[in-house]
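A.B. asks: Quick one: structure below, then a few questions.
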Amino acid sequence: MIKEEQFLKDLKDMLKAEEEIEMDTDLMDIENWDSFSMMAFIAMAEEKYGAKFEPFAIAGAVLVEDLYSVVEEVLGGN
């Protein structure tokens, strides 16, 4: 299990985001979130957490919490 605080820090670092990011942050409100960021997130999740999943797994994500849930679900299945 990944601590939420660590997940948020890793996501913010990956995005080089200056704004505050919380679990209930809407992804569309994050300036640097786009299709390239989605791919970078997948690479980061695999590298840092060992979570492997296809892009469609996060395509429906609306909130940061949705991304976290996908990673946790994948890791829980191992």
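By convention in this document, the chains of the structure tokens carry letters A, B, ... by their order, each chain's residues are numbered from 1, and ligands are numbered from 1 in the order they are shown.
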When you look at A:Asp26 with a cut-off of 9 Å (counting only C-alpha atoms), what residues show up, excluding the ones that are within fewer than 3 positions of it in the same chain? I need them as number ranges by chain.

C.D. replies: A: 21-23, 29-30, 62-65

A.B. asks: I need the residues from that last selection saved to file as an mmCIF file, in the first residue's frame (with N, CA and C atoms), if you can.

C.D. replies:
```
data_model
loop_
_atom_site.group_PDB
_atom_site.id
_atom_site.type_symbol
_atom_site.label_atom_id
_atom_site.label_comp_id
_atom_site.auth_asym_id
_atom_site.auth_seq_id
_atom_site.Cartn_x
_atom_site.Cartn_y
_atom_site.Cartn_z
ATOM 1 N N ILE A 21 -1.925 19.913 -4.918
ATOM 2 C CA ILE A 21 -2.667 18.761 -5.430
ATOM 3 C C ILE A 21 -3.081 17.906 -4.248
ATOM 4 N N GLU A 22 -4.369 17.641 -4.179
ATOM 5 C CA GLU A 22 -4.933 16.809 -3.118
ATOM 6 C C GLU A 22 -5.657 15.634 -3.759
ATOM 7 N N MET A 23 -6.104 14.691 -2.951
ATOM 8 C CA MET A 23 -6.799 13.520 -3.482
ATOM 9 C C MET A 23 -8.089 13.900 -4.214
ATOM 10 N N ASP A 29 -8.199 20.343 -13.505
ATOM 11 C CA ASP A 29 -7.776 21.578 -12.845
ATOM 12 C C ASP A 29 -6.257 21.658 -12.687
ATOM 13 N N ILE A 30 -5.563 20.588 -13.053
ATOM 14 C CA ILE A 30 -4.098 20.576 -12.971
ATOM 15 C C ILE A 30 -3.550 21.046 -14.313
ATOM 16 N N VAL A 62 -11.105 10.968 -13.110
ATOM 17 C CA VAL A 62 -11.549 12.358 -13.015
ATOM 18 C C VAL A 62 -10.776 13.075 -11.915
ATOM 19 N N LEU A 63 -10.615 12.404 -10.800
ATOM 20 C CA LEU A 63 -9.924 12.973 -9.644
ATOM 21 C C LEU A 63 -8.573 12.298 -9.437
ATOM 22 N N VAL A 64 -7.695 12.951 -8.714
ATOM 23 C CA VAL A 64 -6.411 12.352 -8.350
ATOM 24 C C VAL A 64 -6.671 11.043 -7.614
ATOM 25 N N GLU A 65 -7.689 11.015 -6.795
ATOM 26 C CA GLU A 65 -8.046 9.806 -6.047
ATOM 27 C C GLU A 65 -8.302 8.621 -6.982
#
```

A.B. asks: I want to know what sits within 9 Å of A:Pro55, based on only C-alpha atoms, with residues of the same chain fewer than 5 positions away left out; could you give that as a ChimeraX atom specification?

C.D. replies: /A:38-39,42

A.B. asks: Which residues are close to A:Glu19, i.e. within 12 Å by only C-alpha atoms, leaving aside same-chain residues fewer than 5 positions away? Reply as a list in words.

C.D. replies: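 These residues fall inside the cut-off: Leu8, Lys9, Leu11, Lys12, Asp13, Thr25, Leu27, Asp29, Ile30, Glu31, Asn32 and Trp33 of chain A.
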
A.B. asks: How far is it from atom CA of A:Gly76 to atom CA of A:Ala17, in Å with one decimal?

C.D. replies: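 We find that atom CA of A:Gly76 and atom CA of A:Ala17 lie 28.1 Å from each other.
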
A.B. asks: Quick one: DSSP helix (DSSP H, G or I) residues in chain A, as an MDAnalysis selection string?

C.D. replies: chainID A and resid 4:15 27:29 35:49 55:57 64:76

A.B. asks: Atom CA of A:Met1 to atom CA of A:Tyr68: how many Å, to one decimal?

C.D. replies: 10.3 Å
